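Undergrad: Input file: work_24.csv. Contents: CSV, C-alpha atoms.
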chain,number,residue,atom,x,y,z
A,1,MET,CA,-125.7,-134.0,14.2
A,2,GLU,CA,-123.1,-136.6,15.1
A,3,LEU,CA,-119.8,-135.6,16.7
A,4,LYS,CA,-116.9,-137.8,15.6
A,5,LYS,CA,-113.3,-137.8,16.9
A,6,LYS,CA,-110.8,-137.9,14.0
A,7,GLY,CA,-107.4,-139.3,13.7
A,8,VAL,CA,-104.6,-137.3,12.0
A,9,LEU,CA,-101.2,-137.9,10.5
A,10,LEU,CA,-100.0,-134.5,11.5
A,11,THR,CA,-96.6,-134.7,9.7
A,12,ILE,CA,-94.0,-132.0,10.3
A,13,ASP,CA,-93.9,-129.5,7.4
A,14,LEU,CA,-90.8,-127.4,7.9
A,15,SER,CA,-91.6,-125.2,4.9
A,16,PHE,CA,-95.0,-124.4,6.5
A,17,TYR,CA,-93.3,-123.6,9.8
A,18,LEU,CA,-91.0,-121.2,7.9
A,19,GLN,CA,-94.0,-119.6,6.2
A,20,ILE,CA,-95.8,-119.0,9.5
A,21,SER,CA,-92.7,-117.9,11.3
A,22,GLY,CA,-91.6,-115.5,8.6
A,23,TYR,CA,-88.0,-116.9,8.6
A,24,ASP,CA,-86.1,-118.0,5.5
A,25,THR,CA,-84.0,-120.7,7.1
A,26,LEU,CA,-83.8,-122.9,10.2
A,27,GLU,CA,-80.9,-122.5,12.7
A,28,PRO,CA,-78.7,-125.5,13.4
A,29,GLY,CA,-80.4,-127.9,15.8
A,30,GLU,CA,-83.8,-126.4,15.2
A,31,VAL,CA,-85.2,-129.4,13.3
A,32,GLY,CA,-84.5,-131.5,16.4
A,33,LYS,CA,-86.1,-129.0,18.7
A,34,ILE,CA,-89.2,-128.8,16.4
A,35,THR,CA,-89.4,-132.6,16.3
A,36,THR,CA,-89.1,-132.9,20.1
A,37,TYR,CA,-92.0,-130.5,20.8
A,38,TRP,CA,-94.1,-131.9,17.9
A,39,GLN,CA,-93.9,-135.4,19.4
A,40,LYS,CA,-94.5,-134.1,22.9
A,41,TRP,CA,-97.6,-132.1,22.0
A,42,PHE,CA,-99.1,-134.6,19.6
A,43,LYS,CA,-100.9,-136.3,22.5
A,44,TYR,CA,-102.7,-132.9,23.1
A,45,PHE,CA,-103.9,-132.5,19.5
A,46,LYS,CA,-107.6,-133.1,19.1
A,47,ALA,CA,-109.8,-133.1,15.9
A,48,TYR,CA,-113.5,-133.5,15.7
A,49,THR,CA,-116.2,-133.2,13.0
A,50,LEU,CA,-119.8,-132.4,13.8
A,51,GLY,CA,-122.2,-133.4,11.1
A,52,GLU,CA,-121.2,-135.2,7.9
A,53,PRO,CA,-121.0,-134.9,5.0
A,54,ARG,CA,-121.6,-131.2,5.7
A,55,GLY,CA,-120.9,-129.7,9.0
A,56,PHE,CA,-118.1,-128.3,11.1
A,57,LEU,CA,-114.5,-129.1,12.1
A,58,ALA,CA,-113.0,-128.4,15.5
A,59,VAL,CA,-109.2,-128.7,15.8
A,60,PHE,CA,-107.3,-127.7,18.9
A,61,LEU,CA,-104.4,-128.3,21.2
A,62,ASP,CA,-105.3,-128.9,24.9
A,63,GLN,CA,-104.7,-126.2,27.3
A,64,GLU,CA,-101.6,-128.0,28.7
A,65,VAL,CA,-99.7,-126.6,25.6
A,66,GLU,CA,-101.0,-123.1,26.4
A,67,ARG,CA,-99.9,-123.4,30.0
A,68,GLU,CA,-96.4,-124.7,29.0
A,69,ILE,CA,-95.9,-121.8,26.6
A,70,GLU,CA,-97.2,-119.2,29.1
A,71,GLY,CA,-94.8,-120.5,31.7
A,72,VAL,CA,-91.9,-120.0,29.3
A,73,TRP,CA,-92.9,-116.3,28.7
A,74,LEU,CA,-91.7,-115.4,32.2
A,75,SER,CA,-88.1,-116.7,31.7
A,76,SER,CA,-87.6,-116.4,27.9
A,77,PRO,CA,-90.0,-114.3,25.7
A,78,SER,CA,-88.1,-115.3,22.6
A,79,GLU,CA,-88.4,-119.0,23.4
A,80,ALA,CA,-92.1,-118.5,24.1
A,81,LEU,CA,-92.6,-116.8,20.8
A,82,TYR,CA,-90.8,-119.7,19.1
A,83,LEU,CA,-93.1,-122.2,20.9
A,84,ASP,CA,-96.2,-120.1,20.1
A,85,THR,CA,-95.3,-120.2,16.4
A,86,LEU,CA,-94.7,-123.9,16.5
A,87,ALA,CA,-98.1,-124.5,18.2
A,88,LYS,CA,-99.8,-122.4,15.5
A,89,THR,CA,-98.0,-124.4,12.8
A,90,MET,CA,-99.1,-127.7,14.4
A,91,LEU,CA,-102.6,-126.5,14.7
A,92,MET,CA,-102.8,-125.3,11.1
A,93,ALA,CA,-101.1,-128.4,9.8
A,94,GLY,CA,-103.9,-130.4,11.3
A,95,VAL,CA,-106.5,-128.1,9.8
A,96,LYS,CA,-104.9,-128.5,6.4
A,97,GLU,CA,-105.3,-132.3,6.6
A,98,PHE,CA,-109.0,-131.8,6.7
A,99,VAL,CA,-109.6,-128.6,4.7
A,100,PRO,CA,-106.6,-128.1,2.3
A,101,GLN,CA,-108.2,-125.0,0.8
A,102,LEU,CA,-107.6,-123.1,4.1
A,103,ALA,CA,-103.8,-123.2,3.5
A,104,GLN,CA,-104.1,-120.7,0.7
A,105,LEU,CA,-106.7,-118.6,2.5
A,106,GLY,CA,-104.6,-118.1,5.5
A,107,CYS,CA,-107.4,-118.3,8.0
A,108,ALA,CA,-110.5,-120.4,8.7
A,109,PRO,CA,-113.9,-118.8,8.5
A,110,PHE,CA,-115.8,-119.0,11.7
A,111,PRO,CA,-119.4,-120.3,11.3
A,112,LYS,CA,-122.6,-119.1,12.9
A,113,VAL,CA,-123.5,-121.5,15.7
A,114,ASN,CA,-126.5,-122.3,17.8
A,115,LYS,CA,-126.8,-123.6,21.3
A,116,GLU,CA,-126.9,-127.3,20.2
A,117,ILE,CA,-123.6,-126.9,18.3
A,118,ARG,CA,-122.0,-125.1,21.2
A,119,ARG,CA,-123.1,-127.9,23.6
A,120,LYS,CA,-121.8,-130.7,21.4
A,121,ILE,CA,-118.5,-129.0,20.8
A,122,ALA,CA,-118.2,-128.3,24.5
A,123,SER,CA,-118.3,-132.0,25.2
A,124,THR,CA,-114.8,-132.2,23.5
A,125,GLY,CA,-113.4,-129.8,26.0
A,126,LEU,CA,-113.5,-126.8,23.6
A,127,GLU,CA,-116.0,-124.0,24.4
A,128,ILE,CA,-117.5,-121.7,21.7
A,129,LYS,CA,-118.3,-118.5,23.4
A,130,LYS,CA,-121.3,-116.3,22.3
A,131,ASN,CA,-118.9,-113.6,21.0
A,132,GLY,CA,-117.3,-116.0,18.6
A,133,THR,CA,-114.2,-116.7,20.5
A,134,LEU,CA,-112.9,-120.1,21.6
A,135,SER,CA,-111.8,-121.3,25.1
A,136,HIS,CA,-108.4,-122.4,23.8
A,137,LYS,CA,-105.7,-120.2,22.3
A,138,TYR,CA,-104.7,-122.9,19.8
A,139,ALA,CA,-108.0,-123.8,18.3
A,140,VAL,CA,-109.9,-123.6,15.0
A,141,PHE,CA,-113.6,-124.1,14.5
A,142,THR,CA,-114.7,-123.8,10.9
A,143,TYR,CA,-116.9,-125.3,8.2
A,144,PHE,CA,-116.3,-128.9,7.0
A,145,PRO,CA,-115.8,-129.4,4.2
A,146,TYR,CA,-114.7,-126.1,2.7
A,147,LYS,CA,-117.6,-123.7,2.3
A,148,GLY,CA,-115.8,-120.4,1.3
A,149,GLY,CA,-113.6,-117.7,2.7
A,150,CYS,CA,-114.4,-114.4,4.2
A,151,GLU,CA,-117.8,-114.2,2.7
A,152,VAL,CA,-119.1,-117.0,5.0
A,153,CYS,CA,-117.2,-115.9,8.2
A,154,ARG,CA,-119.3,-114.8,11.2
A,155,LEU,CA,-116.4,-112.6,12.4
A,156,GLN,CA,-116.2,-110.7,9.1
A,157,GLU,CA,-117.1,-107.3,10.6
A,158,ASP,CA,-114.5,-107.6,13.3
A,159,CYS,CA,-111.8,-109.3,11.3
A,160,PRO,CA,-108.3,-107.8,12.1
A,161,ARG,CA,-107.0,-109.0,8.8
A,162,LEU,CA,-109.7,-107.3,6.8
A,163,SER,CA,-109.5,-104.1,8.8
A,164,LYS,CA,-105.8,-103.9,7.9
A,165,GLY,CA,-106.7,-104.3,4.2
A,166,GLN,CA,-105.3,-107.8,3.9
A,167,VAL,CA,-107.8,-109.3,1.5
A,168,PHE,CA,-107.3,-113.0,0.7
Would you put the structure from the file into structure tokens?
TA:
Amino acid sequence: MELKKKGVLLTIDLSFYLQISGYDTLEPGEVGKITTYWQKWFKYFKAYTLGEPRGFLAVFLDQEVEREIEGVWLSSPSEALYLDTLAKTMLMAGVKEFVPQLAQLGCAPFPKVNKEIRRKIASTGLEIKKNGTLSHKYAVFTYFPYKGGCEVCRLQEDCPRLSKGQVF
């Protein structure tokens, strides 16, 4: 399986931000703030495919973004929550560029992986742990292209959304 770094457009989708944040409108000056962070964090955005035409997609923000947001939690939890939502929006906007079906699903099914897949993905700076978690907070690892929803997810038994009765 070949690992390929992918370029992305990663355009700002304000309606998608509102959807993720749960807000109906943006406050004055918020578009400028979103744009500033989007541009700042773009250099930390990474996307890779492993195996084409059928394989996997790894999309993540480098840990510099995590550290920045964690640092803000100490001084302003509300600002940190805002930045957390923006980072999630940026991440999922990138995922949508590759797998548009996941926008309707609301999550990305986590595939079963073996040692070879973990090793190749680790070469990007993203670690897939044996319990199915990722080493970065703002990261998605899923099938590429779209392969299905909950029925193909390795984490189905422990899914917090399914346990709360949120069926897609």
Undergrad: State, in Å with one decimal place, the distance from atom CA of Tyr138 of chain A to atom CA of Glu151 of chain A.
TA: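 Going from atom CA of Tyr138 of chain A over to atom CA of Glu151 of chain A covers 23.2 Å.
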Undergrad: So how far away is atom CA of Gln101 of chain A from atom CA of Val65 of chain A, in Å?
TA: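 Pair atom CA of Val65 of chain A / atom CA of Gln101 of chain A returns 26.3 Å.
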Undergrad: Write out as a compact mmCIF listing (two decimals) with C-alpha atoms, in the frame of the given file which residues come within 9 Å of segment 11-14 of chain A when counting all atoms listed in the file, dropping same-chain ones fewer than 6 positions away.
TA:
# COMPACT_ATOMS: atom_id res chain seq x y z
CA LEU A 26 -83.80 -122.90 10.20
CA VAL A 31 -85.20 -129.40 13.30
CA ILE A 34 -89.20 -128.80 16.40
CA THR A 35 -89.40 -132.60 16.30
CA TRP A 38 -94.10 -131.90 17.90
CA THR A 89 -98.00 -124.40 12.80
CA MET A 90 -99.10 -127.70 14.40
CA ALA A 93 -101.10 -128.40 9.80
CA GLY A 94 -103.90 -130.40 11.30
Undergrad: If we count all atoms listed in the file and set the cut-off at 10 Å, which residues sit around segment 50-53 of chain A, ignoring sequence neighbours fewer than 6 positions away in its own chain? Please answer as number ranges by chain.
TA: A: 1-5, 117, 120-121, 143-145
Undergrad: Rank nothing, just name the residue among A:Phe110, A:Ala122, A:Tyr23, A:Leu74 nearest to Ser135 of chain A, using only C-alpha atoms.
TA: A:Ala122
Undergrad: So which one's closest to Ala58 of chain A, A:Pro77, A:Gly71, A:Pro100, A:Pro111? Using only C-alpha atoms, please.
TA: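 Between A:Pro77, A:Gly71, A:Pro100, A:Pro111, the residue approaching Ala58 of chain A most closely is A:Pro111.
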Undergrad: Using all atoms listed in the file, which residue out of A:Glu70, A:Gln19, A:Tyr44, A:Lys33 lies closest to Leu91 of chain A?
TA: A:Tyr44
Undergrad: Calculated over all atoms listed in the file, which of the candidates A:Pro28, A:Ile69, A:Tyr17, A:Gly7 has the smallest distance to Lys43 of chain A?
TA: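 Closest to Lys43 of chain A, using all atoms listed in the file: A:Gly7.
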Undergrad: Looking at A:Ser21, A:Asn114, A:Thr142, A:Gln63, which one is nearest to Leu81 of chain A, with distances taken over all atoms listed in the file?
TA: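 The closest residue to Leu81 of chain A is A:Ser21.
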Undergrad: Check the smallest atom-to-atom distance from each of A:Lys130, A:Lys6, A:Lys40, A:Lys137 to Asp84 of chain A using all atoms listed in the file, then report the winner.
TA: A:Lys137
